[in-house]
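Here's model_8.txt, which has compact mmCIF, C-alpha atoms (C1' of nucleotides):
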# COMPACT_ATOMS: atom_id res chain seq x y z
CA MET A 28 -4.47 -17.05 -29.55
CA ILE A 29 -6.63 -15.07 -27.13
CA LYS A 30 -6.87 -11.40 -26.25
CA ILE A 31 -6.34 -9.99 -22.80
CA GLY A 32 -10.04 -9.94 -21.87
CA GLU A 33 -10.30 -13.64 -22.57
CA LEU A 34 -7.12 -14.35 -20.61
CA SER A 35 -8.61 -12.37 -17.75
CA LYS A 36 -11.75 -14.52 -17.78
CA VAL A 37 -9.87 -17.80 -18.02
CA THR A 38 -7.46 -16.99 -15.18
CA GLY A 39 -9.54 -14.78 -12.95
CA CYS A 40 -6.91 -12.02 -12.99
CA SER A 41 -8.15 -8.58 -13.92
CA VAL A 42 -7.04 -7.04 -17.19
CA GLN A 43 -5.14 -4.29 -15.40
CA THR A 44 -3.40 -6.85 -13.21
CA ILE A 45 -2.21 -8.76 -16.27
CA ARG A 46 -0.81 -5.61 -17.81
CA HIS A 47 0.73 -4.78 -14.46
CA TYR A 48 2.47 -8.17 -14.33
CA GLU A 49 3.84 -7.55 -17.80
CA LYS A 50 5.24 -4.20 -16.74
CA GLU A 51 6.81 -5.89 -13.72
CA HIS A 52 8.32 -8.58 -15.94
CA LEU A 53 6.44 -11.47 -14.37
CA ILE A 54 5.13 -12.34 -17.79
CA ALA A 55 7.00 -11.60 -21.00
CA SER A 56 5.85 -9.04 -23.50
CA VAL A 57 3.80 -10.97 -26.01
CA GLU A 58 2.96 -10.77 -29.68
CA ARG A 59 0.59 -8.06 -30.77
CA SER A 60 -2.16 -8.17 -33.38
CA GLU A 61 -2.22 -5.74 -36.30
CA GLY A 62 -4.29 -3.38 -34.18
CA ASN A 63 -1.71 -3.61 -31.35
CA PHE A 64 -3.75 -5.95 -29.13
CA ARG A 65 -1.86 -8.43 -26.93
CA LEU A 66 -2.23 -12.05 -28.07
CA TYR A 67 -1.73 -14.90 -25.60
CA ASP A 68 -1.27 -18.65 -25.99
CA GLU A 69 -1.81 -21.61 -23.69
CA ALA A 70 1.62 -21.20 -22.07
CA ALA A 71 0.63 -17.69 -20.98
CA VAL A 72 -2.47 -19.09 -19.30
CA GLU A 73 -0.36 -21.63 -17.42
CA GLN A 74 2.15 -19.05 -16.28
CA LEU A 75 -0.54 -16.66 -15.11
CA LEU A 76 -2.19 -19.44 -13.12
CA PHE A 77 1.20 -20.23 -11.57
CA ILE A 78 1.53 -16.58 -10.56
CA LYS A 79 -2.00 -16.53 -9.21
CA HIS A 80 -1.34 -19.60 -7.14
CA CYS A 81 1.79 -18.02 -5.70
CA ARG A 82 -0.12 -14.83 -4.90
CA SER A 83 -2.78 -16.84 -3.10
CA LEU A 84 0.09 -18.02 -0.90
CA ASP A 85 1.02 -14.38 -0.27
CA LEU A 86 4.33 -14.64 -2.09
CA SER A 87 5.50 -11.21 -3.22
CA LEU A 88 5.99 -10.32 -6.87
CA PRO A 89 9.80 -10.30 -6.50
CA GLU A 90 9.63 -13.73 -4.88
CA ILE A 91 7.49 -15.00 -7.73
CA ARG A 92 9.86 -13.50 -10.26
CA GLN A 93 12.64 -15.49 -8.62
CA LEU A 94 10.61 -18.70 -8.73
CA LEU A 95 9.84 -18.17 -12.39
CA ALA A 96 13.51 -17.65 -13.14
CA LEU A 97 14.39 -20.88 -11.33
CA ASN A 98 11.64 -22.63 -13.18
CA ARG A 99 13.28 -21.58 -16.42
CA SER A 100 16.65 -23.11 -15.46
CA PRO A 101 15.71 -26.69 -14.62
CA GLY A 102 19.27 -27.84 -13.96
CA ALA A 103 19.73 -25.47 -11.00
CA GLN A 104 19.64 -26.73 -7.44
CA CYS A 105 16.42 -25.89 -5.68
CA ASP A 106 17.96 -24.88 -2.37
CA ASP A 107 16.99 -21.33 -3.20
CA VAL A 108 13.37 -22.27 -3.55
CA ASN A 109 13.49 -23.98 -0.20
CA ARG A 110 15.17 -21.08 1.52
CA MET A 111 12.59 -18.71 0.17
CA MET A 112 9.73 -20.91 1.32
CA ASP A 113 11.26 -21.28 4.78
CA ARG A 114 11.66 -17.55 5.13
CA HIS A 115 8.15 -17.00 3.93
CA ILE A 116 6.70 -19.52 6.35
CA GLU A 117 8.58 -17.85 9.17
CA GLN A 118 7.10 -14.50 8.25
CA VAL A 119 3.58 -15.86 8.10
CA GLU A 120 3.96 -17.51 11.48
CA ALA A 121 5.38 -14.39 13.04
CA ARG A 122 2.43 -12.42 11.72
CA ILE A 123 -0.02 -14.97 13.12
CA GLN A 124 1.62 -14.62 16.52
CA GLU A 125 1.40 -10.85 16.36
CA LEU A 126 -2.24 -10.90 15.40
CA THR A 127 -3.10 -13.43 18.08
CA LYS A 128 -1.59 -11.20 20.72
CA LEU A 129 -3.35 -8.21 19.22
CA ASN A 130 -6.63 -10.06 19.31
CA GLU A 131 -6.29 -10.76 23.01
CA GLN A 132 -5.63 -7.11 23.70
CA LEU A 133 -8.58 -6.01 21.62
CA ARG A 134 -10.94 -8.44 23.36
CA MET A 135 -9.76 -7.31 26.75
CA LEU A 136 -10.31 -3.71 25.74
CA ARG A 137 -13.73 -4.51 24.35
CA ARG A 138 -14.77 -6.14 27.61
CA SER A 139 -14.03 -2.91 29.44
CA CYS A 140 -17.13 -1.25 27.97
CA SER A 141 -20.68 -2.43 27.84
CA ASN A 142 -23.11 -0.56 25.59
CA ARG A 143 -25.35 2.32 26.58
CA ARG A 144 -22.83 4.20 28.54
CA THR A 145 -21.67 7.65 27.65
CA VAL A 146 -18.26 8.21 26.20
CA GLU A 147 -17.22 9.77 29.48
CA GLN A 148 -17.56 6.44 31.23
CA CYS A 149 -16.34 4.35 28.34
CA GLY A 150 -13.69 1.91 29.46
CA ILE A 151 -12.36 1.53 25.96
CA LEU A 152 -11.47 5.16 25.57
CA ARG A 153 -10.16 5.35 29.11
CA ASN A 154 -7.92 2.39 28.50
CA LEU A 155 -6.71 3.67 25.17
CA SER A 156 -5.62 6.84 26.91
CA ALA A 157 -3.54 4.87 29.42
CA THR A 158 0.04 3.91 28.75
CA PRO A 159 0.31 1.56 25.77
CA VAL A 160 1.32 -2.04 26.34
CA SER A 161 5.03 -2.59 26.19
CA SER A 162 5.32 -4.79 23.14
CA GLY A 163 3.54 -2.43 20.73
CA MET B 15 6.49 23.92 25.09
CA ILE B 16 8.56 21.48 23.09
CA LYS B 17 9.57 21.27 19.45
CA ILE B 18 8.75 18.41 17.14
CA GLY B 19 12.04 16.58 17.64
CA GLU B 20 11.48 16.49 21.37
CA LEU B 21 7.89 15.30 20.90
CA SER B 22 9.22 12.60 18.63
CA LYS B 23 11.65 11.41 21.31
CA VAL B 24 9.04 11.47 24.08
CA THR B 25 6.42 9.56 22.12
CA GLY B 26 8.51 7.35 19.90
CA CYS B 27 6.76 8.61 16.75
CA SER B 28 9.02 9.84 13.97
CA VAL B 29 9.03 13.52 13.12
CA GLN B 30 7.58 12.86 9.67
CA THR B 31 4.83 10.74 11.17
CA ILE B 32 3.83 13.55 13.51
CA ARG B 33 3.64 16.00 10.63
CA HIS B 34 1.68 13.42 8.69
CA TYR B 35 -0.84 13.07 11.51
CA GLU B 36 -1.28 16.80 11.50
CA LYS B 37 -1.94 16.82 7.77
CA GLU B 38 -4.49 14.03 8.29
CA HIS B 39 -6.13 16.00 11.08
CA LEU B 40 -5.41 13.46 13.79
CA ILE B 41 -3.73 16.19 15.75
CA ALA B 42 -4.65 19.84 15.45
CA SER B 43 -2.38 22.43 13.91
CA VAL B 44 -0.44 23.89 16.77
CA GLU B 45 1.17 27.18 17.65
CA ARG B 46 4.35 28.14 15.86
CA SER B 47 7.43 29.85 17.17
CA GLU B 48 8.77 33.04 15.61
CA GLY B 49 10.87 30.94 13.27
CA ASN B 50 7.81 28.91 12.25
CA PHE B 51 8.64 25.83 14.34
CA ARG B 52 5.76 23.79 15.76
CA LEU B 53 5.39 24.07 19.54
CA TYR B 54 3.68 21.32 21.53
CA ASP B 55 2.34 21.09 25.07
CA GLU B 56 1.60 18.19 27.42
CA ALA B 57 -1.86 17.62 25.89
CA ALA B 58 -0.24 17.00 22.52
CA VAL B 59 1.99 14.35 24.08
CA GLU B 60 -1.07 12.63 25.57
CA GLN B 61 -2.97 12.69 22.34
CA LEU B 62 -0.05 11.35 20.33
CA LEU B 63 0.37 8.51 22.81
CA PHE B 64 -3.32 7.75 22.46
CA ILE B 65 -2.89 7.58 18.69
CA LYS B 66 0.18 5.42 19.04
CA HIS B 67 -1.66 3.03 21.29
CA CYS B 68 -4.48 2.78 18.77
CA ARG B 69 -1.99 2.15 15.96
CA SER B 70 -0.37 -0.62 17.97
CA LEU B 71 -3.82 -2.21 17.93
CA ASP B 72 -3.87 -1.84 14.14
CA LEU B 73 -6.69 0.67 14.14
CA SER B 74 -6.67 2.71 10.92
CA LEU B 75 -6.17 6.46 10.90
CA PRO B 76 -9.84 7.09 9.99
CA GLU B 77 -10.91 4.85 12.86
CA ILE B 78 -8.65 6.74 15.22
CA ARG B 79 -10.00 10.04 13.94
CA GLN B 80 -13.47 8.81 14.84
CA LEU B 81 -12.39 7.77 18.33
CA LEU B 82 -10.78 11.15 18.90
CA ALA B 83 -13.97 12.90 17.82
CA LEU B 84 -15.99 10.77 20.25
CA ASN B 85 -13.49 11.49 22.93
CA ARG B 86 -14.13 15.18 22.43
CA SER B 87 -17.92 14.84 22.93
CA PRO B 88 -18.11 13.11 26.31
CA GLY B 89 -21.91 13.14 26.45
CA ALA B 90 -22.28 10.90 23.39
CA GLN B 91 -23.23 7.25 23.73
CA CYS B 92 -20.34 4.94 23.18
CA ASP B 93 -22.18 2.41 21.06
CA ASP B 94 -20.19 3.66 18.12
CA VAL B 95 -16.94 2.89 19.85
CA ASN B 96 -18.17 -0.59 20.61
CA ARG B 97 -19.34 -1.23 17.07
CA MET B 98 -16.01 -0.16 15.71
CA MET B 99 -14.13 -2.39 18.11
CA ASP B 100 -16.36 -5.34 17.29
CA ARG B 101 -15.84 -4.85 13.58
CA HIS B 102 -12.13 -4.51 14.08
CA ILE B 103 -11.91 -7.65 16.18
CA GLU B 104 -13.80 -9.52 13.50
CA GLN B 105 -11.34 -8.38 10.89
CA VAL B 106 -8.35 -9.41 12.93
CA GLU B 107 -9.83 -12.82 13.60
CA ALA B 108 -10.66 -13.33 9.94
CA ARG B 109 -7.08 -12.47 9.04
CA ILE B 110 -5.75 -14.93 11.62
CA GLN B 111 -7.91 -17.66 10.08
CA GLU B 112 -6.69 -16.84 6.61
CA LEU B 113 -3.07 -16.88 7.64
CA THR B 114 -3.46 -20.12 9.55
CA LYS B 115 -4.87 -21.80 6.48
CA LEU B 116 -2.12 -20.26 4.39
CA ASN B 117 0.48 -21.56 6.77
CA GLU B 118 -0.80 -25.12 6.44
CA GLN B 119 -0.63 -24.88 2.67
CA LEU B 120 2.87 -23.48 2.76
CA ARG B 121 4.10 -26.21 5.09
CA MET B 122 2.56 -28.89 2.93
CA LEU B 123 4.21 -27.38 -0.11
CA ARG B 124 7.53 -27.13 1.69
CA ARG B 125 7.42 -30.80 2.60
CA SER B 126 7.16 -31.68 -1.08
CA CYS B 127 10.81 -30.80 -1.65
CA SER B 128 13.93 -31.81 0.20
CA ASN B 129 17.17 -29.99 -0.54
CA ARG B 130 19.80 -30.96 -3.05
CA ARG B 131 17.48 -31.79 -5.83
CA THR B 132 17.44 -29.98 -9.10
CA VAL B 133 14.64 -27.60 -9.93
CA GLU B 134 13.37 -30.11 -12.46
CA GLN B 135 12.48 -32.49 -9.67
CA CYS B 136 11.40 -29.83 -7.21
CA GLY B 137 8.04 -30.69 -5.74
CA ILE B 138 7.41 -27.10 -4.74
CA LEU B 139 7.59 -25.79 -8.26
CA ARG B 140 5.66 -28.76 -9.59
CA ASN B 141 2.90 -28.18 -7.08
CA LEU B 142 2.80 -24.45 -7.70
CA SER B 143 2.22 -25.20 -11.35
CA ALA B 144 -0.76 -27.40 -10.53
CA THR B 145 -4.27 -26.01 -10.16
CA PRO B 146 -4.52 -23.56 -7.28
CA VAL B 147 -6.44 -24.53 -4.19
CA SER B 148 -10.07 -23.53 -4.32
CA SER B 149 -10.31 -21.02 -1.51
CA GLY B 150 -7.57 -18.63 -2.67
C1' DA C 19 31.05 34.25 10.89
C1' DT C 20 30.38 29.71 10.54
C1' DA C 21 29.20 25.04 11.42
C1' DA C 22 26.09 21.59 13.35
C1' DA C 23 21.74 20.32 14.42
C1' DC C 24 17.39 21.20 13.86
C1' DT C 25 13.09 22.61 11.38
C1' DC C 26 10.22 23.91 7.30
C1' DT C 27 7.44 22.56 2.81
C1' DA C 28 6.78 19.79 -1.03
C1' DT C 29 7.41 15.72 -3.46
C1' DA C 30 8.38 10.83 -4.41
C1' DA C 31 8.84 6.15 -2.96
C1' DT C 32 7.04 1.85 -0.79
C1' DA C 33 3.34 -2.97 -2.51
C1' DA C 34 0.17 -4.60 -5.48
C1' DC C 35 -3.00 -3.38 -7.42
C1' DT C 36 -7.50 -0.45 -8.96
C1' DA C 37 -9.55 3.30 -11.41
C1' DT C 38 -9.70 6.81 -14.75
C1' DA C 39 -9.07 9.65 -19.09
C1' DG C 40 -8.68 9.92 -23.75
C1' DA C 41 -7.76 7.56 -27.80
C1' DG C 42 -7.72 3.70 -31.03
C1' DT C 43 -9.70 -1.08 -32.93
C1' DC C 44 -13.11 -4.23 -34.48
C1' DA C 45 -17.57 -6.39 -35.67
C1' DA C 46 -22.21 -5.64 -36.49
C1' DT C 47 -26.09 -2.83 -37.62
C1' DC C 48 -28.62 1.08 -40.09
C1' DG D 25 -20.47 4.51 -45.30
C1' DA D 26 -21.56 6.00 -40.63
C1' DT D 27 -22.49 4.75 -36.20
C1' DT D 28 -22.88 1.97 -32.10
C1' DG D 29 -20.97 -0.99 -28.54
C1' DA D 30 -17.59 -3.75 -26.72
C1' DC D 31 -13.14 -4.15 -26.46
C1' DT D 32 -8.22 -2.63 -26.26
C1' DC D 33 -4.30 0.74 -25.88
C1' DT D 34 -1.11 4.03 -22.96
C1' DA D 35 -0.37 7.00 -19.29
C1' DT D 36 -1.47 8.72 -14.98
C1' DA D 37 -3.38 9.02 -10.31
C1' DG D 38 -5.26 6.89 -6.23
C1' DT D 39 -5.19 3.45 -2.33
C1' DT D 40 -2.48 3.01 3.27
C1' DA D 41 0.64 4.68 6.58
C1' DT D 42 4.41 5.82 6.62
C1' DT D 43 9.61 6.77 5.11
C1' DA D 44 12.90 9.28 2.46
C1' DT D 45 14.56 13.05 -0.05
C1' DA D 46 15.67 17.89 -1.77
C1' DG D 47 16.37 22.43 -0.94
C1' DA D 48 15.71 26.08 2.05
C1' DG D 49 15.40 28.50 6.50
C1' DT D 50 16.32 28.73 11.91
C1' DT D 51 18.71 28.18 16.18
C1' DT D 52 22.55 27.28 19.05
C1' DA D 53 27.29 26.95 19.99
C1' DT D 54 31.94 28.08 18.86

Entire entry expressed as structure tokens:
Amino acid sequence: MIKIGELSKVTGCSVQTIRHYEKEHLIASVERSEGNFRLYDEAAVEQLLFIKHCRSLDLSLPEIRQLLALNRSPGAQCDDVNRMMDRHIEQVEARIQELTKLNEQLRMLRRSCSNRRTVEQCGILRNLSATPVSSG
Amino acid sequence: MIKIGELSKVTGCSVQTIRHYEKEHLIASVERSEGNFRLYDEAAVEQLLFIKHCRSLDLSLPEIRQLLALNRSPGAQCDDVNRMMDRHIEQVEARIQELTKLNEQLRMLRRSCSNRRTVEQCGILRNLSATPVSSG
DNA sequence: ATAAACTCTATAATAACTATAGAGTCAATC
DNA sequence: GATTGACTCTATAGTTATTATAGAGTTTAT
């Protein structure tokens, strides 16, 4: 049995984050010591690493909660998992597209000003003042 | 002189957003009518469109505040503007890289499960339980 | 006079943490 | 036994850029 500081070290999640996950019901409330300190076992380490892995994939806490619930009912069909992943992948790809477009606009804007000019002549500011591009 | 609802329509910014920008000093406090309603002129429309354009390029409110300040002192060198843009472009490109990597991982994970299996056999959940990838 | 549409301020919610205050616990040292 | 330091506890506020709400006042039209 380890205390929260140790769990934090082992998993790389901050102490506050662990307590936050408990409050959000991503990890169950655990045993306490006599002095009211949280005590974790190996299973808690595993679950926290699972959560961390999901977070590294940008899954939201509600999404992770859903995955954990599915994980707890092994007989269920995993269509739900797949649907969630598909939706998530779509979102990520949409965001990549957005940012790619954004990047082009920024680079174009940046090219409109070379250093050592005064703000008055600055192409960037002039262009920002012009009508925004349609797609926002 | 137009009221805030009209300004909202013209610029496409919500009424609350406009008030928020005022509180954050992106737009100056304006004249009020007898009944304490904000009254805007053409310059306010221009400035709000400038802000909106900047936001569409994902510039933060503090960044926009800085641009507006530069805009007000036309004699200043625009190196600062350029530095900000360069930093911003870097950030956007870093985020694109991150998301692209993320997308690959998600697709790989997704391939590990075909529908109509039970959660017990689900490759996605099994893989999420395994050690996270190094780069977070 | 009243209703509808608008505006005002102030406050809370959003996501996923991070940071802080103020108090309690525990092990070791003086 | 008292104190120090490292740790933990709860509760609360802050982060970003809005959005949403409550409760009140204003304007316009009927």

### Query
So, counting only C-alpha atoms (C1' of nucleotides), which residue among D:DT27, D:DT40, D:DT45, D:DT32 is closest to chain A?
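Using only C-alpha atoms (C1' of nucleotides), chain A sits closest to D:DT32.
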
Just how far from CA of Leu53 (chain B) is CA of Met15 (chain B), in Å to one decimal?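 Between CA of Met15 (chain B) and CA of Leu53 (chain B) the gap is 5.7 Å.
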
* Which residue gives the smallest distance to chain B among D:DT51, D:DC31, D:DA26, D:DG38, with all atoms listed in the file counted? ->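 Checking each of D:DT51, D:DC31, D:DA26, D:DG38 against chain B, counting all atoms listed in the file, the winner is D:DT51.
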
Item to complete: Name all residues at most 9 Å from Ile18 (chain B) (count all atoms listed in the file; drop same-chain ones fewer than 2 positions away) and give them as a PyMOL selection string.
Response: (chain B and resi 16+20-23+29+32-33+51-54) or (chain C and resi 25)

Checklist line | Nearest to chain A, chosen from C:DA28, C:DC48, C:DA33, C:DA22, with all atoms listed in the file counted in the distances | finding: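 Among the listed residues, C:DA33 lies closest to chain A.
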
* For the point (-0.5, -4.0, -8.0) in the file's frame, write as a list in words all residues with an atom no more than 7 Å away, counting all atoms listed in the file. =>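 Here is the list of nearby residues: Thr44 and His47 of chain A; DA33, DA34 and DC35 of chain C.
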
Same residues, C-alpha atoms (C1' of nucleotides), output as a short mmCIF file (atom, residue, chain, number, x, y, z; two decimals), in the frame of the given file:
data_model
loop_
_atom_site.label_atom_id
_atom_site.label_comp_id
_atom_site.auth_asym_id
_atom_site.auth_seq_id
_atom_site.Cartn_x
_atom_site.Cartn_y
_atom_site.Cartn_z
CA THR A 44 -3.40 -6.85 -13.21
CA HIS A 47 0.73 -4.78 -14.46
"C1'" DA C 33 3.34 -2.97 -2.51
"C1'" DA C 34 0.17 -4.60 -5.48
"C1'" DC C 35 -3.00 -3.38 -7.42
#

One decimal place gives the C1' of DA23 (chain C)-CA of Glu48 (chain B) separation as 18.2 Å

Since the input lacks atoms, please generate all heavy atoms for region 91-102 of chain B and provide them as a tab-separated table (two decimals), in the frame of the given file.
chain	number	residue	atom	x	y	z
B	91	GLN	N	-23.21	8.68	23.39
B	91	GLN	CA	-23.23	7.25	23.73
B	91	GLN	C	-22.00	6.59	23.11
B	91	GLN	O	-21.53	7.01	22.06
B	91	GLN	CB	-24.48	6.59	23.15
B	91	GLN	CG	-25.78	7.18	23.66
B	91	GLN	CD	-25.96	7.00	25.16
B	91	GLN	OE1	-25.71	5.92	25.69
B	91	GLN	NE2	-26.37	8.06	25.85
B	92	CYS	N	-21.54	5.53	23.74
B	92	CYS	CA	-20.34	4.94	23.18
B	92	CYS	C	-20.62	3.68	22.38
B	92	CYS	O	-19.73	2.89	22.13
B	92	CYS	CB	-19.26	4.72	24.23
B	92	CYS	SG	-19.75	3.63	25.54
B	93	ASP	N	-21.85	3.55	21.93
B	93	ASP	CA	-22.18	2.41	21.06
B	93	ASP	C	-21.28	2.38	19.84
B	93	ASP	O	-20.86	1.32	19.38
B	93	ASP	CB	-23.64	2.52	20.57
B	93	ASP	CG	-24.62	2.59	21.72
B	93	ASP	OD1	-24.21	3.07	22.79
B	93	ASP	OD2	-25.77	2.17	21.53
B	94	ASP	N	-21.01	3.56	19.32
B	94	ASP	CA	-20.19	3.66	18.12
B	94	ASP	C	-18.80	3.08	18.35
B	94	ASP	O	-18.26	2.36	17.51
B	94	ASP	CB	-20.06	5.12	17.68
B	94	ASP	CG	-21.36	5.62	17.08
B	94	ASP	OD1	-22.22	4.78	16.76
B	94	ASP	OD2	-21.51	6.85	16.93
B	95	VAL	N	-18.25	3.42	19.50
B	95	VAL	CA	-16.94	2.89	19.85
B	95	VAL	C	-16.99	1.37	19.87
B	95	VAL	O	-16.13	0.68	19.31
B	95	VAL	CB	-16.49	3.40	21.23
B	95	VAL	CG1	-15.13	2.83	21.60
B	95	VAL	CG2	-16.44	4.92	21.25
B	96	ASN	N	-18.05	0.86	20.50
B	96	ASN	CA	-18.17	-0.59	20.61
B	96	ASN	C	-18.32	-1.27	19.26
B	96	ASN	O	-17.70	-2.29	18.99
B	96	ASN	CB	-19.38	-0.94	21.48
B	96	ASN	CG	-19.11	-0.64	22.94
B	96	ASN	OD1	-18.04	-0.96	23.43
B	96	ASN	ND2	-20.05	0.00	23.60
B	97	ARG	N	-19.14	-0.66	18.41
B	97	ARG	CA	-19.34	-1.23	17.07
B	97	ARG	C	-18.03	-1.28	16.32
B	97	ARG	O	-17.70	-2.27	15.67
B	97	ARG	CB	-20.37	-0.41	16.30
B	97	ARG	CG	-21.76	-1.06	16.25
B	97	ARG	CD	-22.60	-0.47	15.16
B	97	ARG	NE	-22.82	0.97	15.34
B	97	ARG	CZ	-23.72	1.48	16.19
B	97	ARG	NH1	-24.49	0.69	16.92
B	97	ARG	NH2	-23.86	2.79	16.30
B	98	MET	N	-17.28	-0.20	16.41
B	98	MET	CA	-16.01	-0.16	15.71
B	98	MET	C	-15.07	-1.24	16.21
B	98	MET	O	-14.44	-1.95	15.44
B	98	MET	CB	-15.35	1.21	15.90
B	98	MET	CG	-14.01	1.31	15.21
B	98	MET	SD	-13.07	2.75	15.72
B	98	MET	CE	-14.18	4.04	15.20
B	99	MET	N	-15.02	-1.38	17.54
B	99	MET	CA	-14.13	-2.39	18.11
B	99	MET	C	-14.56	-3.78	17.67
B	99	MET	O	-13.72	-4.61	17.31
B	99	MET	CB	-14.16	-2.30	19.64
B	99	MET	CG	-13.52	-1.06	20.21
B	99	MET	SD	-11.81	-0.85	19.70
B	99	MET	CE	-11.02	-2.03	20.77
B	100	ASP	N	-15.87	-4.03	17.69
B	100	ASP	CA	-16.36	-5.34	17.29
B	100	ASP	C	-15.98	-5.65	15.85
B	100	ASP	O	-15.51	-6.74	15.53
B	100	ASP	CB	-17.89	-5.40	17.46
B	100	ASP	CG	-18.28	-5.47	18.92
B	100	ASP	OD1	-17.41	-5.84	19.74
B	100	ASP	OD2	-19.43	-5.14	19.25
B	101	ARG	N	-16.17	-4.65	14.99
B	101	ARG	CA	-15.84	-4.85	13.58
B	101	ARG	C	-14.34	-5.12	13.43
B	101	ARG	O	-13.92	-6.01	12.69
B	101	ARG	CB	-16.24	-3.61	12.79
B	101	ARG	CG	-16.41	-3.87	11.30
B	101	ARG	CD	-17.04	-2.69	10.60
B	101	ARG	NE	-16.41	-1.43	10.95
B	101	ARG	CZ	-17.03	-0.38	11.47
B	101	ARG	NH1	-18.32	-0.42	11.73
B	101	ARG	NH2	-16.37	0.72	11.75
B	102	HIS	N	-13.57	-4.36	14.17
B	102	HIS	CA	-12.13	-4.51	14.08
B	102	HIS	C	-11.67	-5.88	14.56
B	102	HIS	O	-10.83	-6.52	13.93
B	102	HIS	CB	-11.47	-3.40	14.90
B	102	HIS	CG	-9.99	-3.31	14.69
B	102	HIS	ND1	-9.44	-2.92	13.49
B	102	HIS	CD2	-8.96	-3.58	15.51
B	102	HIS	CE1	-8.12	-2.96	13.61
B	102	HIS	NE2	-7.81	-3.35	14.82
